[in-house]
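This report refers to the structure that appears directly beneath it.
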Amino acid sequence: PVSARTPRVAMCTPSSALDGADPEQVRLMEERVILVDRDDRVLGDESKVNSHLNDFGPLLHRAFSVFLFDDAGRLLLQQRALTKVTFPGYWTNTCCSHPLHVPSELGTGDGGLLAGAVTGAARAAVRKMEHELGIPLDTFRPDELTFLTRIHYLARARSDGSAERPEFGEHEIDYLFVARAPPSGVTLAPNLNEVCDTRYVSQEELRAMLASARDGELRLTPWFELIAEDLLFRWWPDINDEAALLGHRSVDEIRRFGECTREEVGACSQSQ
């Protein structure tokens, strides 16, 4: 079961946090995301901008990541637009964003896996695949996305003089989904305010990208790099065999990386 406890202290966004940012991205940063504790129990909601500021934590919140494969077994990647506030220009998995603090994406009353939270995150994933990549909403039903597990990670932007904003980071309980393209394929019409490039990659091509990232030749989002190195290549041989793929499912586990293995990281600090 989850609680619906709202943080007691209102947060004031620093006036300079989004200076010079793209107006559409500024608008989207006002969306309300789902704050959770390290056991993924709902604490309340906060704006996307406040939940991603390093000065506030960043606050632990719920997210999702989709891995969409075509009929040749290739994974669809996107390169995040340079207009993005966090990790601009980075390559990442097919779609990664946040369920919003609304009943349909909280999964309120839905039942099923994790008291409806999986269904809520899947609804958000379908919505954002349309928004970011132009994949029509009727391409996938939420129950056609295969939920496998959750991860808990924390990552901060680089302060190296690049296009990144060092004030921002990610601290997420991330719901991981595999999707398989229908026989007719997937229509892509990327939103250039969100995505500047896409490509399908084989296992070998992704391994080469990981090596290039380690050499500093390209940048991969930190969550995608963690998932690829730790989980993705184990799933890949089974993506077209639903029964085998479900053998990788771990509903109750939250896989923790780096400093998130420490009990105090994400332990309700956002509710003080």
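Naming scheme: A, B, ... for chains in displayed order of the structure tokens; residues 1 onward per chain; ligands 1 onward as shown.
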
Determine which residues of stretch 14-72 of chain A receive a DSSP assignment of alpha helix (DSSP H), computed from the backbone, and state them as a list in words.
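Filtering stretch 14-72 of chain A to alpha helix (DSSP H) leaves Pro23, Glu24, Gln25, Val26, Arg27, Leu28, Lys48, Val49, Asn50 and Ser51 of chain A.
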
Residues of stretch 133-152 of chain A at most 7 Å from stretch 252-256 of chain A: nearest atom pair and distance in Å, only C-alpha atoms, as a Markdown table:
```
| residue | atom | partner | partner_atom | distance |
| --- | --- | --- | --- | --- |
| A:Thr149 | CA | A:Glu253 | CA | 6.9 |
| A:Arg150 | CA | A:Ile254 | CA | 5.0 |
| A:Ile151 | CA | A:Arg255 | CA | 4.5 |
| A:His152 | CA | A:Arg256 | CA | 4.7 |
```

Considering only C-alpha atoms, state which residue in the set A:Leu113, A:Leu148, A:Met129, A:Val33 is at the smallest distance from A:Glu194.
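Selected residue with least distance to A:Glu194: A:Met129.
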
When you draw a straight line from atom CA of A:Gln203 to atom CA of A:Phe67, how long is it in Å?
12.8 Å

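In terms of minimum interatomic distance to A:Thr86, A:Pro222 ranks closest within A:Pro190, A:Pro222, A:Gly185, A:Gly111, counting only C-alpha atoms.
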
Given only C-alpha atoms, how would the per-residue table for stretch 41-145 of chain A near stretch 161-182 of chain A read, listing every residue at most 9 Å away with its closest atom pair and distance in Å to one decimal, sorted by chain and number, as a Markdown table?
```
| residue | atom | partner | partner_atom | distance |
| --- | --- | --- | --- | --- |
| A:Val49 | CA | A:Phe168 | CA | 8.4 |
| A:Ser51 | CA | A:Glu170 | CA | 8.3 |
| A:His52 | CA | A:Gly169 | CA | 5.3 |
| A:Leu53 | CA | A:Phe168 | CA | 4.6 |
| A:Asn54 | CA | A:Phe168 | CA | 5.3 |
| A:Asp55 | CA | A:Glu167 | CA | 7.3 |
| A:Gly57 | CA | A:His171 | CA | 7.9 |
| A:Pro58 | CA | A:His171 | CA | 5.7 |
| A:Leu59 | CA | A:His171 | CA | 6.2 |
| A:Leu60 | CA | A:His171 | CA | 4.9 |
| A:His61 | CA | A:Glu172 | CA | 5.0 |
| A:Arg62 | CA | A:Ile173 | CA | 4.9 |
| A:Ala63 | CA | A:Asp174 | CA | 4.5 |
| A:Phe64 | CA | A:Tyr175 | CA | 4.4 |
| A:Ser65 | CA | A:Leu176 | CA | 5.0 |
| A:Val66 | CA | A:Phe177 | CA | 4.8 |
| A:Phe67 | CA | A:Val178 | CA | 4.8 |
| A:Leu68 | CA | A:Ala179 | CA | 4.6 |
| A:Phe69 | CA | A:Arg180 | CA | 5.0 |
| A:Asp70 | CA | A:Ala181 | CA | 5.1 |
| A:Asp71 | CA | A:Ala181 | CA | 6.6 |
| A:Gly73 | CA | A:Arg180 | CA | 8.8 |
| A:Leu82 | CA | A:Ala163 | CA | 7.6 |
| A:Lys84 | CA | A:Glu164 | CA | 9.0 |
| A:Val85 | CA | A:Arg165 | CA | 6.9 |
| A:Thr86 | CA | A:Phe168 | CA | 6.6 |
| A:Phe87 | CA | A:Glu164 | CA | 6.1 |
| A:Pro88 | CA | A:Glu164 | CA | 6.5 |
| A:Gly89 | CA | A:Ala163 | CA | 8.4 |
| A:Cys96 | CA | A:Asp174 | CA | 8.9 |
| A:His98 | CA | A:Asp174 | CA | 8.7 |
| A:Val118 | CA | A:Tyr175 | CA | 7.5 |
| A:Ala121 | CA | A:Tyr175 | CA | 7.1 |
| A:Ala122 | CA | A:Phe177 | CA | 7.9 |
| A:Ala125 | CA | A:Phe177 | CA | 8.8 |
| A:Thr139 | CA | A:Pro182 | CA | 7.8 |
| A:Phe140 | CA | A:Ala179 | CA | 8.5 |
| A:Glu144 | CA | A:Ala179 | CA | 7.1 |
| A:Leu145 | CA | A:Ala179 | CA | 5.0 |
```

Go ahead and save the residues from that selection, with N, CA and C atoms, as a compact mmCIF listing (two decimals), in the first residue's frame.
```txt
# COMPACT_ATOMS: atom_id res chain seq x y z
N VAL A 49 10.77 20.94 -11.80
CA VAL A 49 11.99 21.72 -11.62
C VAL A 49 12.54 21.58 -10.21
N SER A 51 12.04 19.18 -8.05
CA SER A 51 12.45 17.81 -7.74
C SER A 51 13.78 17.44 -8.37
N HIS A 52 14.23 18.22 -9.36
CA HIS A 52 15.49 17.93 -10.04
C HIS A 52 16.64 18.84 -9.61
N LEU A 53 16.40 19.78 -8.72
CA LEU A 53 17.47 20.68 -8.28
C LEU A 53 18.36 20.00 -7.24
N ASN A 54 19.66 20.04 -7.48
CA ASN A 54 20.59 19.43 -6.53
C ASN A 54 20.49 20.05 -5.14
N ASP A 55 20.17 21.34 -5.06
CA ASP A 55 20.07 22.00 -3.76
C ASP A 55 18.96 21.40 -2.90
N GLY A 57 18.18 18.10 -3.14
CA GLY A 57 18.41 16.66 -2.99
C GLY A 57 19.29 16.03 -4.06
N PRO A 58 18.82 15.86 -5.30
CA PRO A 58 17.47 16.06 -5.81
C PRO A 58 16.46 15.17 -5.06
N LEU A 59 15.20 15.57 -5.12
CA LEU A 59 14.15 14.82 -4.43
C LEU A 59 13.88 13.50 -5.15
N LEU A 60 13.69 12.45 -4.36
CA LEU A 60 13.41 11.14 -4.93
C LEU A 60 12.00 11.12 -5.49
N HIS A 61 11.88 10.75 -6.77
CA HIS A 61 10.58 10.75 -7.42
C HIS A 61 10.48 9.55 -8.36
N ARG A 62 9.28 9.30 -8.83
CA ARG A 62 9.00 8.13 -9.66
C ARG A 62 9.24 8.46 -11.13
N ALA A 63 9.79 7.51 -11.86
CA ALA A 63 10.08 7.68 -13.29
C ALA A 63 9.79 6.36 -14.01
N PHE A 64 9.93 6.40 -15.33
CA PHE A 64 9.84 5.15 -16.12
C PHE A 64 10.87 5.21 -17.23
N SER A 65 11.27 4.04 -17.71
CA SER A 65 12.14 3.91 -18.89
C SER A 65 11.59 2.80 -19.77
N VAL A 66 11.42 3.11 -21.06
CA VAL A 66 10.92 2.14 -22.04
C VAL A 66 12.06 1.73 -22.96
N PHE A 67 12.10 0.43 -23.27
CA PHE A 67 13.06 -0.15 -24.21
C PHE A 67 12.26 -0.81 -25.31
N LEU A 68 12.18 -0.16 -26.47
CA LEU A 68 11.34 -0.61 -27.58
C LEU A 68 12.22 -1.31 -28.62
N PHE A 69 11.85 -2.53 -28.95
CA PHE A 69 12.58 -3.34 -29.92
C PHE A 69 11.76 -3.53 -31.18
N ASP A 70 12.44 -3.51 -32.33
CA ASP A 70 11.75 -3.79 -33.60
C ASP A 70 11.77 -5.28 -33.88
N ASP A 71 11.20 -5.69 -35.03
CA ASP A 71 11.07 -7.13 -35.31
C ASP A 71 12.40 -7.78 -35.65
N GLY A 73 14.92 -7.28 -33.65
CA GLY A 73 15.58 -7.37 -32.36
C GLY A 73 16.50 -6.20 -32.06
N LEU A 82 18.97 19.41 -27.51
CA LEU A 82 19.82 20.36 -26.80
C LEU A 82 19.00 21.36 -26.00
N LYS A 84 16.75 20.40 -23.88
CA LYS A 84 16.39 19.76 -22.61
C LYS A 84 17.16 20.40 -21.45
N VAL A 85 16.49 20.51 -20.31
CA VAL A 85 17.13 21.10 -19.13
C VAL A 85 18.14 20.13 -18.53
N THR A 86 17.80 18.85 -18.49
CA THR A 86 18.71 17.84 -17.93
C THR A 86 19.26 16.95 -19.03
N PHE A 87 20.56 16.73 -18.99
CA PHE A 87 21.28 15.82 -19.89
C PHE A 87 20.98 16.08 -21.38
N PRO A 88 21.11 17.35 -21.82
CA PRO A 88 20.88 17.67 -23.24
C PRO A 88 21.95 17.03 -24.12
N GLY A 89 21.50 16.52 -25.28
CA GLY A 89 22.42 15.94 -26.25
C GLY A 89 22.87 14.54 -25.94
N CYS A 96 12.12 7.99 -21.72
CA CYS A 96 12.29 8.01 -20.27
C CYS A 96 11.74 9.34 -19.76
N HIS A 98 8.46 10.79 -16.61
CA HIS A 98 7.87 10.68 -15.28
C HIS A 98 6.36 10.49 -15.36
N VAL A 118 2.31 0.18 -11.46
CA VAL A 118 2.85 -0.25 -12.75
C VAL A 118 1.94 0.22 -13.88
N ALA A 121 2.41 3.99 -14.37
CA ALA A 121 3.65 4.30 -15.07
C ALA A 121 3.57 3.93 -16.55
N ALA A 122 2.89 2.82 -16.85
CA ALA A 122 2.73 2.41 -18.25
C ALA A 122 1.87 3.41 -19.02
N ALA A 125 4.03 6.21 -19.90
CA ALA A 125 4.96 5.84 -20.96
C ALA A 125 4.30 5.95 -22.33
N THR A 139 -0.87 2.84 -30.71
CA THR A 139 0.13 1.82 -31.06
C THR A 139 0.26 0.78 -29.96
N PHE A 140 0.24 1.25 -28.70
CA PHE A 140 0.40 0.36 -27.54
C PHE A 140 -0.68 0.65 -26.51
N GLU A 144 0.39 -3.71 -22.81
CA GLU A 144 1.28 -4.32 -23.79
C GLU A 144 2.75 -3.98 -23.52
N LEU A 145 3.00 -3.13 -22.55
CA LEU A 145 4.37 -2.87 -22.11
C LEU A 145 4.69 -3.86 -20.99
```

Mind pulling up the distance from atom CA of A:Asp143 to atom CA of A:Gln78?
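Pair atom CA of A:Gln78 / atom CA of A:Asp143 returns 23.0 Å.
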
Would you mind telling me which residue in A:Val195, A:Ala155, A:Cys260, A:Val201 lies nearest to A:Thr221 when using only C-alpha atoms?
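Going through A:Val195, A:Ala155, A:Cys260, A:Val201 one by one, the smallest distance to A:Thr221 is for A:Ala155.
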